[in-house]
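Structure file target.cif; described as mmCIF, C-alpha atoms.
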```cif
data_upload
loop_
_atom_site.label_atom_id
_atom_site.label_comp_id
_atom_site.auth_asym_id
_atom_site.auth_seq_id
_atom_site.Cartn_x
_atom_site.Cartn_y
_atom_site.Cartn_z
CA MET A 129 0.00 0.00 0.00
CA PRO A 130 1.29 3.48 -0.81
CA LEU A 131 2.27 5.73 2.08
CA CYS A 132 0.44 8.67 0.48
CA SER A 133 -1.41 9.59 -2.69
CA LEU A 134 -0.19 11.61 -5.64
CA ASP A 135 -2.56 14.36 -4.50
CA ASP A 136 -0.88 14.34 -1.07
CA LEU A 137 2.51 14.76 -2.73
CA GLN A 138 1.26 17.56 -4.96
CA ARG A 139 -0.26 19.38 -1.96
CA MET A 140 3.08 19.10 -0.16
CA ILE A 141 4.89 20.58 -3.16
CA ASP A 142 2.32 23.37 -3.45
CA ARG A 143 2.65 24.24 0.26
CA HIS A 144 6.44 24.59 0.12
CA LYS A 145 7.01 27.15 -2.62
CA GLY A 146 10.59 28.41 -2.70
CA LYS A 147 11.96 25.60 -0.55
CA ARG A 148 15.18 23.79 -1.30
CA GLY A 149 14.67 20.67 -3.46
CA LEU A 150 11.33 21.82 -4.83
CA ARG A 151 12.49 21.76 -8.45
CA LYS A 152 13.61 18.13 -8.09
CA ALA A 153 10.33 17.22 -6.36
CA LYS A 154 8.31 18.75 -9.21
CA ALA A 155 10.36 16.80 -11.76
CA ALA A 156 10.12 13.58 -9.74
CA ILE A 157 6.34 13.67 -9.29
CA LYS A 158 5.93 13.65 -13.07
CA LEU A 159 7.82 10.33 -13.23
CA ILE A 160 5.66 8.51 -10.67
CA ARG A 161 3.48 5.71 -12.01
CA LEU A 162 0.99 3.86 -9.87
CA GLY A 163 1.36 0.11 -9.83
CA SER A 164 5.08 -0.45 -9.53
CA ASP A 165 5.86 -3.19 -7.04
CA SER A 166 9.49 -2.35 -6.30
CA PRO A 167 12.11 0.37 -6.49
CA GLN A 168 14.12 -1.77 -8.93
CA GLU A 169 11.16 -2.00 -11.32
CA THR A 170 10.91 1.79 -11.20
CA LEU A 171 14.65 2.21 -11.84
CA LEU A 172 14.34 -0.16 -14.81
CA ARG A 173 11.31 1.70 -16.22
CA LEU A 174 13.06 5.06 -15.94
CA ALA A 175 16.24 3.71 -17.58
CA MET A 176 14.15 2.32 -20.45
CA ILE A 177 12.47 5.69 -20.99
CA ARG A 178 15.79 7.57 -20.85
CA ALA A 179 17.12 5.15 -23.49
CA GLY A 180 14.28 6.04 -25.87
CA LEU A 181 12.11 2.95 -25.42
CA PRO A 182 8.35 3.45 -25.24
CA GLU A 183 6.90 3.65 -21.74
CA PRO A 184 5.76 0.22 -20.58
CA GLU A 185 2.56 -0.58 -18.72
CA LEU A 186 2.80 -1.78 -15.12
CA ASN A 187 1.26 -5.01 -13.84
CA VAL A 188 -1.36 -5.34 -16.58
CA PRO A 189 -2.72 -8.89 -16.81
CA ILE A 190 -2.16 -10.95 -19.93
CA ILE A 191 -5.55 -12.01 -21.31
CA SER A 192 -5.60 -14.98 -23.68
CA GLU A 193 -7.85 -15.17 -26.73
CA ASP A 194 -10.40 -17.21 -24.77
CA GLY A 195 -10.66 -14.39 -22.20
CA ALA A 196 -8.72 -16.16 -19.47
CA ARG A 197 -6.68 -13.88 -17.23
CA HIS A 198 -3.07 -14.93 -16.73
CA HIS A 199 -0.21 -13.45 -14.76
CA GLU A 200 0.68 -9.75 -14.68
CA PRO A 201 4.15 -8.90 -15.97
CA ASP A 202 6.01 -6.31 -13.92
CA LEU A 203 6.34 -4.20 -17.09
CA SER A 204 4.82 -4.95 -20.46
CA TYR A 205 4.09 -3.91 -24.02
CA ARG A 206 0.78 -5.51 -24.95
CA LYS A 207 1.01 -4.30 -28.56
CA TYR A 208 4.27 -6.25 -29.00
CA LYS A 209 3.45 -9.07 -26.58
CA VAL A 210 6.62 -8.45 -24.58
CA GLY A 211 6.59 -8.86 -20.81
CA ILE A 212 9.46 -7.85 -18.54
CA GLU A 213 9.95 -9.56 -15.21
CA TYR A 214 12.35 -8.17 -12.61
CA GLU A 215 13.67 -11.15 -10.67
CA GLY A 216 14.49 -10.06 -7.12
CA GLU A 217 16.30 -12.06 -4.45
CA HIS A 218 13.26 -14.19 -3.61
CA HIS A 219 13.28 -15.74 -7.10
CA GLY A 220 15.96 -18.15 -5.92
CA ASP A 221 13.58 -19.92 -3.53
CA GLU A 222 12.67 -23.41 -4.70
CA GLY A 223 8.92 -22.76 -4.83
CA GLN A 224 9.42 -19.49 -6.67
CA VAL A 225 11.69 -21.16 -9.24
CA VAL A 226 8.91 -23.65 -10.00
CA ARG A 227 6.37 -20.80 -10.37
CA ASP A 228 8.79 -18.84 -12.60
CA ILE A 229 9.26 -21.83 -14.90
CA ALA A 230 5.48 -22.26 -15.20
CA ARG A 231 5.16 -18.52 -15.91
CA SER A 232 7.79 -18.77 -18.67
CA GLU A 233 5.94 -21.68 -20.23
CA THR A 234 2.70 -19.65 -20.17
CA TYR A 235 4.42 -16.72 -21.89
CA GLY A 236 5.46 -19.00 -24.74
CA ALA A 237 2.10 -20.73 -25.01
CA LEU A 238 0.35 -17.35 -25.32
CA GLY A 239 2.76 -16.08 -27.99
CA TRP A 240 4.46 -13.59 -25.68
CA THR A 241 8.17 -12.96 -25.18
CA GLU A 242 9.39 -12.90 -21.61
CA VAL A 243 12.41 -10.73 -20.75
CA ARG A 244 13.90 -11.63 -17.39
CA ILE A 245 15.99 -9.01 -15.63
CA SER A 246 18.02 -9.33 -12.43
CA LYS A 247 20.30 -7.03 -10.49
CA ARG A 248 23.24 -8.06 -12.67
CA HIS A 249 21.54 -6.28 -15.60
CA MET A 250 21.05 -3.03 -13.67
CA PHE A 251 24.58 -1.58 -13.59
CA ASN A 252 25.61 1.40 -15.74
CA ASP A 253 22.09 2.92 -15.77
CA ALA A 254 20.62 -0.52 -16.53
CA LYS A 255 22.15 -0.58 -20.02
CA PRO A 256 22.31 -4.41 -20.13
CA ALA A 257 18.62 -4.60 -19.14
CA VAL A 258 17.62 -1.94 -21.65
CA SER A 259 19.53 -3.79 -24.36
CA LYS A 260 17.61 -7.01 -23.63
CA VAL A 261 14.26 -5.20 -23.72
CA ARG A 262 15.16 -3.29 -26.90
CA ALA A 263 16.14 -6.55 -28.65
CA ALA A 264 12.83 -8.19 -27.70
CA LEU A 265 10.84 -5.17 -28.89
CA VAL A 266 12.68 -4.97 -32.21
CA GLN A 267 12.18 -8.70 -32.76
CA ALA A 268 8.46 -8.16 -32.08
CA GLY A 269 8.23 -5.39 -34.69
CA TRP A 270 8.93 -2.15 -32.78
CA ARG A 271 11.09 0.35 -34.57
CA PRO A 272 12.87 3.18 -32.78
CA ARG A 273 12.12 6.69 -33.92
CA PRO A 274 14.96 8.18 -35.93
CA GLN A 275 17.12 10.64 -34.04
CA ARG A 276 16.50 14.23 -35.07
CA THR A 277 19.52 16.11 -36.20
CA ILE A 278 19.72 19.85 -36.23
CA ALA A 279 21.29 21.32 -39.35
CA PRO A 280 24.11 23.81 -38.71
#
```

Please, can you express the file's structure as structure tokens?
Amino acid sequence: MPLCSLDDLQRMIDRHKGKRGLRKAKAAIKLIRLGSDSPQETLLRLAMIRAGLPEPELNVPIISEDGARHHEPDLSYRKYKVGIEYEGEHHGDEGQVVRDIARSETYGALGWTEVRISKRHMFNDAKPAVSKVRAALVQAGWRPRPQRTIAP
């Protein structure tokens, strides 16, 4: 459960005009997305956006063609059927490993690509993680927007 609402945060910012750190707080509140389950998922999402990837959805269930509701990827791109799972420390537990294998099998059966990320992919502004996600998106048909160049 969140400790406060976005409205609470905005009211706090509005009440403290001219205070130190206010500019950073105003910038940070724009980056908040409801639904993230961990700080690492948020760091990954922000790194993906900084790298020019489209913004993913958070914890949206995968619905199969027959209407059945399946698991909810941590981050996903429904249009491209790419789900990103951040594997925290608890994913080494025996029971969790079994559940993760079943989840991976479900991804494949539903025609989705699963991208698994761990803390080893998060160094250097999560460049290794971003690279994995970018590769999955490109393979699924996403094309990056061309970089704009400014003529001299």

**OP:** Name the residues, using the chain letters and numbers of the file, that sit within 12 Å of (11.6, 1.4, -16.6) when counting only C-alpha atoms, and give them as a PyMOL selection string.
**Re:** chain A and resi 159-161+164+166-186+202-205+212-214+245+250+253-255+257-258+261-262

Subject >> Surrounding residues of range 190-201 of chain A excluding itself and chain neighbours under 5 positions, 12 Å, all atoms listed in the file, as a VMD selection string >> reply: chain A and resid 163 to 165 169 184 to 185 206 to 207 209 to 215 227 to 228 230 to 245

Would you mind exporting the chosen residues as a tab-separated table (two decimals), keeping the file's coordinate frame, restricted to C-alpha atoms?
```
chain	number	residue	atom	x	y	z
A	163	GLY	CA	1.36	0.11	-9.83
A	164	SER	CA	5.08	-0.45	-9.53
A	165	ASP	CA	5.86	-3.19	-7.04
A	169	GLU	CA	11.16	-2.00	-11.32
A	184	PRO	CA	5.76	0.22	-20.58
A	185	GLU	CA	2.56	-0.58	-18.72
A	206	ARG	CA	0.78	-5.51	-24.95
A	207	LYS	CA	1.01	-4.30	-28.56
A	209	LYS	CA	3.45	-9.07	-26.58
A	210	VAL	CA	6.62	-8.45	-24.58
A	211	GLY	CA	6.59	-8.86	-20.81
A	212	ILE	CA	9.46	-7.85	-18.54
A	213	GLU	CA	9.95	-9.56	-15.21
A	214	TYR	CA	12.35	-8.17	-12.61
A	215	GLU	CA	13.67	-11.15	-10.67
A	227	ARG	CA	6.37	-20.80	-10.37
A	228	ASP	CA	8.79	-18.84	-12.60
A	230	ALA	CA	5.48	-22.26	-15.20
A	231	ARG	CA	5.16	-18.52	-15.91
A	232	SER	CA	7.79	-18.77	-18.67
A	233	GLU	CA	5.94	-21.68	-20.23
A	234	THR	CA	2.70	-19.65	-20.17
A	235	TYR	CA	4.42	-16.72	-21.89
A	236	GLY	CA	5.46	-19.00	-24.74
A	237	ALA	CA	2.10	-20.73	-25.01
A	238	LEU	CA	0.35	-17.35	-25.32
A	239	GLY	CA	2.76	-16.08	-27.99
A	240	TRP	CA	4.46	-13.59	-25.68
A	241	THR	CA	8.17	-12.96	-25.18
A	242	GLU	CA	9.39	-12.90	-21.61
A	243	VAL	CA	12.41	-10.73	-20.75
A	244	ARG	CA	13.90	-11.63	-17.39
A	245	ILE	CA	15.99	-9.01	-15.63
```

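Between CA of Gly216 in chain A and CA of Ser246 in chain A lies a distance of 6.4 Å.
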
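Rounded to one decimal, CA of Lys154 in chain A and CA of Met140 in chain A lie 10.5 Å from each other.
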
Subject >> Separation of CA of Lys158 in chain A from CA of Arg248 in chain A, in Å and rounded to one decimal >> reply: 27.8 Å

Subject >> Residues within 10 Å of (7.0, -7.9, -34.5), file coords, only C-alpha atoms, listed as a ChimeraX atom specification >> reply: /A:207-210,264-271
